[in-house]
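See below for the structure under consideration.
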Protein chains: 2
Amino acid sequence: MESIKVFAPATVANVGCGYDILGFALEGYGDELILTERQDDQLVIKTIQGVAELPLDPTKNVSTVTISALLEDLKLNKGFDLKIKKNIAAGSGLGSSASSAAAAAYAVNEFLGGPISSEELIKFAMEGERIASTKAHADNVAPSILGGFTVVRSYDPLDVFNIPYPEDLRVVIIFPQVEVKTSDAKKIIKEQVKLSDAIKQWGNVAGLVSGLILHDFERIGKSLQDVVIEPVRSYLIPLYQEMKTIALNVGALGFSISGSGPSMFCFVRDTSESSLIIERAKELYGKNGIDVISFVSGINNMGAKTLD
Amino acid sequence: MESIKVFAPATVANVGCGYDILGFALEGYGDELILTERQDDQLVIKTIQGVAELPLDPTKNVSTVTISALLEDLKLNKGFDLKIKKNIAAGSGLGSSASSAAAAAYAVNEFLGGPISSEELIKFAMEGERIASTKAHADNVAPSILGGFTVVRSYDPLDVFNIPYPEDLRVVIIFPQVEVKTSDAKKIIKEQVKLSDAIKQWGNVAGLVSGLILHDFERIGKSLQDVVIEPVRSYLIPLYQEMKTIALNVGALGFSISGSGPSMFCFVRDTSESSLIIERAKELYGKNGIDVISFVSGINNMGAKTLD
């Protein structure tokens, strides 16, 4: 039986001011999927290893829903066995379902010899995302497939592209071990926003995007602000303001919620800063009796890839 | 008596998706100001030539209010005679008051040997703008002083910067001879915006800013959309939708309102397109009995400057 093993990275969506449009991929942290061809046209999840409890029903699992959408579009009657290795916890804010969807879309496309472009793959992975969060959003699947820093300029028609960023930009992830359901985090967002706040937000988007492309670290730090989502969502994350203050005092270039949380992230330039932030995060959450996973990462410029 | 003569360009603010934050300067079209030192500490407007009827009272004129703010900040008792030559009509949407404010701020600073940075000058010119439109906005004065394409990332604290753009980008201005008062155009803007529209807007800001910096003309064109302001404001501009359709059909890279209108603008690459758009604009407005001024311009990278 022919088989393929792929990796799709964890991702940070929203990125402060860029709610629903910005995202980037992390290095060395993500999910794996082994896809093996079957003789029939069934999709069968053989094993799910790792941190997340996920449905085995192929009509409810993000990976199989993604594959179904893709095969249906190509009008192919094919079946696969899936072995999934989840490293990203569901409800972490690090694009767990997007990574499953991205890995599935990427794997089946590679298996078929790549009939679909990376940009088109995003559409199918979005169908998987829809199962996990009722809305087919693209801000996590785009960077998980494409790698790097991505912009979802438009959903209708879908227009997604990469933007350049400074290679020496580092990200610190702080993931307190509490669950925030994406659906809960979505519920508290208001449907209306004050125009004056929206203007601040798109001013910061202009600052962040230009800062990234022009490698202006000071501007990146100043622009990593969110006056629309953070004020309501940060209440779902224990010790958010305390952690933010600590990180900014240490010299982080901005600090915000990763996706819908509870993970938080900040940009840094130096490993000395990242070490200090990780240390302080452990102190802060430790003395409050909350476990925390914290690590430093570069921005992954590869996206989904085939493993040997 | 010592004297200085300066020029400050007309400007396009908002630029589609960038309401209140984006702007750029036009080439060869703008206002002139001659500033001559007086023996006393009075500001006296000697002459105003040109298209706009403006107040001679120094507490009500944009130029003199700007100069007063600047002199007060520097704690200087100085007086000047002003000779103003307005080429930009008030209520045109091309930054008429901003040009007066920018010229005044730039002239007095040059006269004094340049004690204030260009970025700081924006603050004083904003005080002049406040007289004209009740709000001290910066999206016209910034490009009129600095030139090029500007972003007002934040008003508090003021953070303004230039972004690169393709040198061969051309702008067509279409200015039907009807007046839209900025104060009227402000009044019809709703204070609340749908989050889904705000997301579209900041997606397009990310697209436009990255398209400009990376010289991606297709992306510039796609991103020059405004789902927040244009839908309400375009009703104040006669034949807006018709003119937009014509320009886009000819090949314009996007089409939007300049400032608060009634001027409109579009980006083009070729002079053949710009000639055709100008011709069609004259036809359209002509057969509807409305005079129209229409011209093509590059983006002015100098901003305010001293004339011989």
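Each chain in the structure tokens gets a letter, A, B, ..., in the order shown, and its residues are numbered from 1; ligands are numbered from 1 in order too.
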
Exercise answer, chain A residues close to chain B, 10 Å and only C-alpha atoms, as a CSV table (one decimal) with N, CA and C atoms, in the first residue's frame:
chain,number,residue,atom,x,y,z
A,17,CYS,N,-3.5,43.1,15.9
A,17,CYS,CA,-4.5,44.0,15.2
A,17,CYS,C,-5.2,43.3,14.0
A,18,GLY,N,-4.7,42.1,13.6
A,18,GLY,CA,-5.2,41.5,12.4
A,18,GLY,C,-6.2,40.4,12.5
A,19,TYR,N,-7.2,40.7,13.4
A,19,TYR,CA,-8.3,39.7,13.6
A,19,TYR,C,-8.9,39.2,12.3
A,20,ASP,N,-8.8,37.8,12.2
A,20,ASP,CA,-9.3,37.1,11.0
A,20,ASP,C,-8.6,37.2,9.8
A,21,ILE,N,-7.5,38.0,9.7
A,21,ILE,CA,-6.8,38.2,8.5
A,21,ILE,C,-5.3,37.8,8.5
A,22,LEU,N,-4.6,38.0,9.7
A,22,LEU,CA,-3.2,37.7,9.8
A,22,LEU,C,-2.9,36.4,10.5
A,151,VAL,N,-1.5,36.9,4.9
A,151,VAL,CA,-2.6,37.8,4.9
A,151,VAL,C,-3.8,37.2,4.2
A,152,VAL,N,-4.9,37.1,4.9
A,152,VAL,CA,-6.2,36.8,4.2
A,152,VAL,C,-6.8,38.1,3.8
A,153,ARG,N,-6.6,38.6,2.6
A,153,ARG,CA,-7.1,39.9,2.3
A,153,ARG,C,-8.6,39.9,2.1
A,154,SER,N,-9.1,38.8,1.6
A,154,SER,CA,-10.5,38.7,1.3
A,154,SER,C,-10.9,37.3,1.3
A,155,TYR,N,-12.2,37.0,1.8
A,155,TYR,CA,-12.7,35.7,1.8
A,155,TYR,C,-13.6,35.4,0.6
A,156,ASP,N,-14.1,36.5,0.0
A,156,ASP,CA,-15.0,36.3,-1.1
A,156,ASP,C,-14.7,37.3,-2.2
A,159,ASP,N,-8.6,35.5,-1.1
A,159,ASP,CA,-7.3,36.0,-1.6
A,159,ASP,C,-6.3,36.0,-0.5
A,160,VAL,N,-5.4,35.1,-0.6
A,160,VAL,CA,-4.4,34.9,0.5
A,160,VAL,C,-3.0,35.0,-0.1
A,161,PHE,N,-2.1,35.7,0.7
A,161,PHE,CA,-0.7,35.8,0.2
A,161,PHE,C,0.2,35.9,1.4
A,162,ASN,N,1.5,35.6,1.1
A,162,ASN,CA,2.5,35.7,2.1
A,162,ASN,C,3.1,37.1,2.1
A,163,ILE,N,3.6,37.6,3.2
A,163,ILE,CA,4.3,38.9,3.2
A,163,ILE,C,5.7,38.6,3.8
A,164,PRO,N,6.7,39.3,3.4
A,164,PRO,CA,8.1,39.1,3.9
A,164,PRO,C,8.1,39.5,5.4
A,189,ILE,N,-17.4,38.1,21.2
A,189,ILE,CA,-17.1,39.2,20.3
A,189,ILE,C,-18.3,39.9,19.8
A,190,LYS,N,-18.3,41.3,20.0
A,190,LYS,CA,-19.5,42.0,19.5
A,190,LYS,C,-19.5,42.1,18.0
A,191,GLU,N,-20.8,42.2,17.5
A,191,GLU,CA,-20.9,42.3,16.0
A,191,GLU,C,-20.7,43.7,15.5
A,192,GLN,N,-20.7,44.6,16.4
A,192,GLN,CA,-20.5,46.0,16.0
A,192,GLN,C,-19.2,46.5,16.7
A,193,VAL,N,-18.5,47.4,16.0
A,193,VAL,CA,-17.3,47.9,16.6
A,193,VAL,C,-17.4,49.5,16.4
A,194,LYS,N,-16.9,50.2,17.3
A,194,LYS,CA,-16.8,51.7,17.2
A,194,LYS,C,-15.9,52.0,16.0
A,195,LEU,N,-16.4,52.9,15.1
A,195,LEU,CA,-15.5,53.3,14.0
A,195,LEU,C,-14.2,53.8,14.5
A,196,SER,N,-14.2,54.6,15.6
A,196,SER,CA,-12.9,55.1,16.1
A,196,SER,C,-11.9,54.0,16.5
A,197,ASP,N,-12.5,52.9,17.0
A,197,ASP,CA,-11.6,51.7,17.3
A,197,ASP,C,-11.2,51.0,16.0
A,198,ALA,N,-12.1,50.9,15.1
A,198,ALA,CA,-11.7,50.2,13.8
A,198,ALA,C,-10.6,51.0,13.1
A,199,ILE,N,-10.6,52.3,13.2
A,199,ILE,CA,-9.6,53.1,12.6
A,199,ILE,C,-8.2,52.8,13.3
A,200,LYS,N,-8.3,52.8,14.6
A,200,LYS,CA,-7.0,52.4,15.3
A,200,LYS,C,-6.5,51.1,14.8
A,201,GLN,N,-7.4,50.1,14.7
A,201,GLN,CA,-7.0,48.8,14.3
A,201,GLN,C,-6.4,48.8,12.9
A,202,TRP,N,-7.0,49.5,12.0
A,202,TRP,CA,-6.4,49.4,10.6
A,202,TRP,C,-5.2,50.3,10.5
A,203,GLY,N,-5.1,51.3,11.4
A,203,GLY,CA,-3.8,52.0,11.5
A,203,GLY,C,-2.7,51.1,11.9
A,204,ASN,N,-3.0,50.2,12.9
A,204,ASN,CA,-2.0,49.3,13.4
A,204,ASN,C,-1.7,48.2,12.4
A,205,VAL,N,-2.7,47.8,11.6
A,205,VAL,CA,-2.5,46.8,10.6
A,205,VAL,C,-1.5,47.4,9.6
A,206,ALA,N,-1.7,48.6,9.2
A,206,ALA,CA,-0.7,49.3,8.2
A,206,ALA,C,0.7,49.3,8.8
A,207,GLY,N,0.7,49.6,10.2
A,207,GLY,CA,2.0,49.7,10.8
A,207,GLY,C,2.7,48.3,10.9
A,208,LEU,N,1.9,47.3,11.3
A,208,LEU,CA,2.5,45.9,11.5
A,208,LEU,C,3.0,45.4,10.1
A,209,VAL,N,2.1,45.5,9.1
A,209,VAL,CA,2.5,44.9,7.8
A,209,VAL,C,3.7,45.6,7.2
A,210,SER,N,3.7,47.0,7.3
A,210,SER,CA,4.9,47.7,6.8
A,210,SER,C,6.1,47.4,7.6
A,211,GLY,N,5.9,47.3,8.9
A,211,GLY,CA,7.1,47.0,9.8
A,211,GLY,C,7.7,45.7,9.5
A,212,LEU,N,6.8,44.7,9.3
A,212,LEU,CA,7.3,43.3,8.9
A,212,LEU,C,8.1,43.4,7.6
A,213,ILE,N,7.5,44.0,6.6
A,213,ILE,CA,8.1,43.9,5.3
A,213,ILE,C,9.4,44.7,5.3
A,214,LEU,N,9.4,45.9,6.0
A,214,LEU,CA,10.6,46.7,6.0
A,214,LEU,C,11.6,46.4,7.1
A,219,ARG,N,8.6,49.5,14.9
A,219,ARG,CA,7.3,49.7,14.4
A,219,ARG,C,6.4,48.4,14.6
A,222,LYS,N,5.3,48.6,18.2
A,222,LYS,CA,4.3,49.6,18.5
A,222,LYS,C,2.9,49.2,17.9
A,223,SER,N,3.0,48.5,16.7
A,223,SER,CA,1.7,48.2,16.0
A,223,SER,C,1.0,47.0,16.5
A,228,VAL,N,-9.8,46.0,19.6
A,228,VAL,CA,-11.2,45.5,19.3
A,228,VAL,C,-11.4,44.2,20.1

* **Within 8 Å of Leu239 of chain B using only C-alpha atoms, minus same-chain residues under 3 positions, as a count of residues only** => 3

Which of segment 65-180 of chain A counts as strand (DSSP E or B) under DSSP, as a PDB file with C-alpha atoms, in the first residue's frame please?
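To be explicit, this is the file written out as result04.pdb:
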ATOM      1  CA  PHE A  80      -7.415   6.321   2.884  1.00  0.00           C
ATOM      2  CA  ASP A  81      -6.437   5.121   6.335  1.00  0.00           C
ATOM      3  CA  LEU A  82      -5.291   7.972   8.599  1.00  0.00           C
ATOM      4  CA  LYS A  83      -2.862   7.807  11.481  1.00  0.00           C
ATOM      5  CA  ILE A  84      -2.884  11.136  13.255  1.00  0.00           C
ATOM      6  CA  LYS A  85      -0.302  12.355  15.744  1.00  0.00           C
ATOM      7  CA  LYS A  86      -1.561  15.461  17.538  1.00  0.00           C
ATOM      8  CA  PHE A 149       3.441  35.250   7.556  1.00  0.00           C
ATOM      9  CA  THR A 150       0.126  35.274   5.702  1.00  0.00           C
ATOM     10  CA  VAL A 151      -2.611  37.793   4.941  1.00  0.00           C
ATOM     11  CA  VAL A 152      -6.188  36.756   4.165  1.00  0.00           C
ATOM     12  CA  ARG A 153      -7.092  39.923   2.290  1.00  0.00           C
ATOM     13  CA  SER A 154     -10.510  38.713   1.277  1.00  0.00           C
ATOM     14  CA  TYR A 155     -12.750  35.695   1.829  1.00  0.00           C
ATOM     15  CA  LEU A 158     -10.535  34.047  -1.271  1.00  0.00           C
ATOM     16  CA  ASP A 159      -7.309  36.036  -1.626  1.00  0.00           C
ATOM     17  CA  VAL A 160      -4.406  34.887   0.513  1.00  0.00           C
ATOM     18  CA  PHE A 161      -0.736  35.787   0.203  1.00  0.00           C
ATOM     19  CA  ASN A 162       2.547  35.735   2.095  1.00  0.00           C
ATOM     20  CA  ILE A 163       4.339  38.861   3.205  1.00  0.00           C
ATOM     21  CA  ARG A 170      11.527  35.306  17.320  1.00  0.00           C
ATOM     22  CA  VAL A 171       8.215  34.416  18.943  1.00  0.00           C
ATOM     23  CA  VAL A 172       7.628  33.447  22.542  1.00  0.00           C
ATOM     24  CA  ILE A 173       4.520  31.321  23.146  1.00  0.00           C
ATOM     25  CA  ILE A 174       2.968  31.196  26.593  1.00  0.00           C
ATOM     26  CA  PHE A 175       0.279  28.554  26.902  1.00  0.00           C
ATOM     27  CA  PRO A 176      -1.387  28.284  30.313  1.00  0.00           C
TER      28      PRO A 176
END

* Could you find all residues in segment 112-252 of chain B that DSSP calls helix (DSSP H, G or I) from the backbone, and write them as a PyMOL selection string? => chain B and resi 118-133+141-146+182-187+195-213+217-223+230-236+240-250
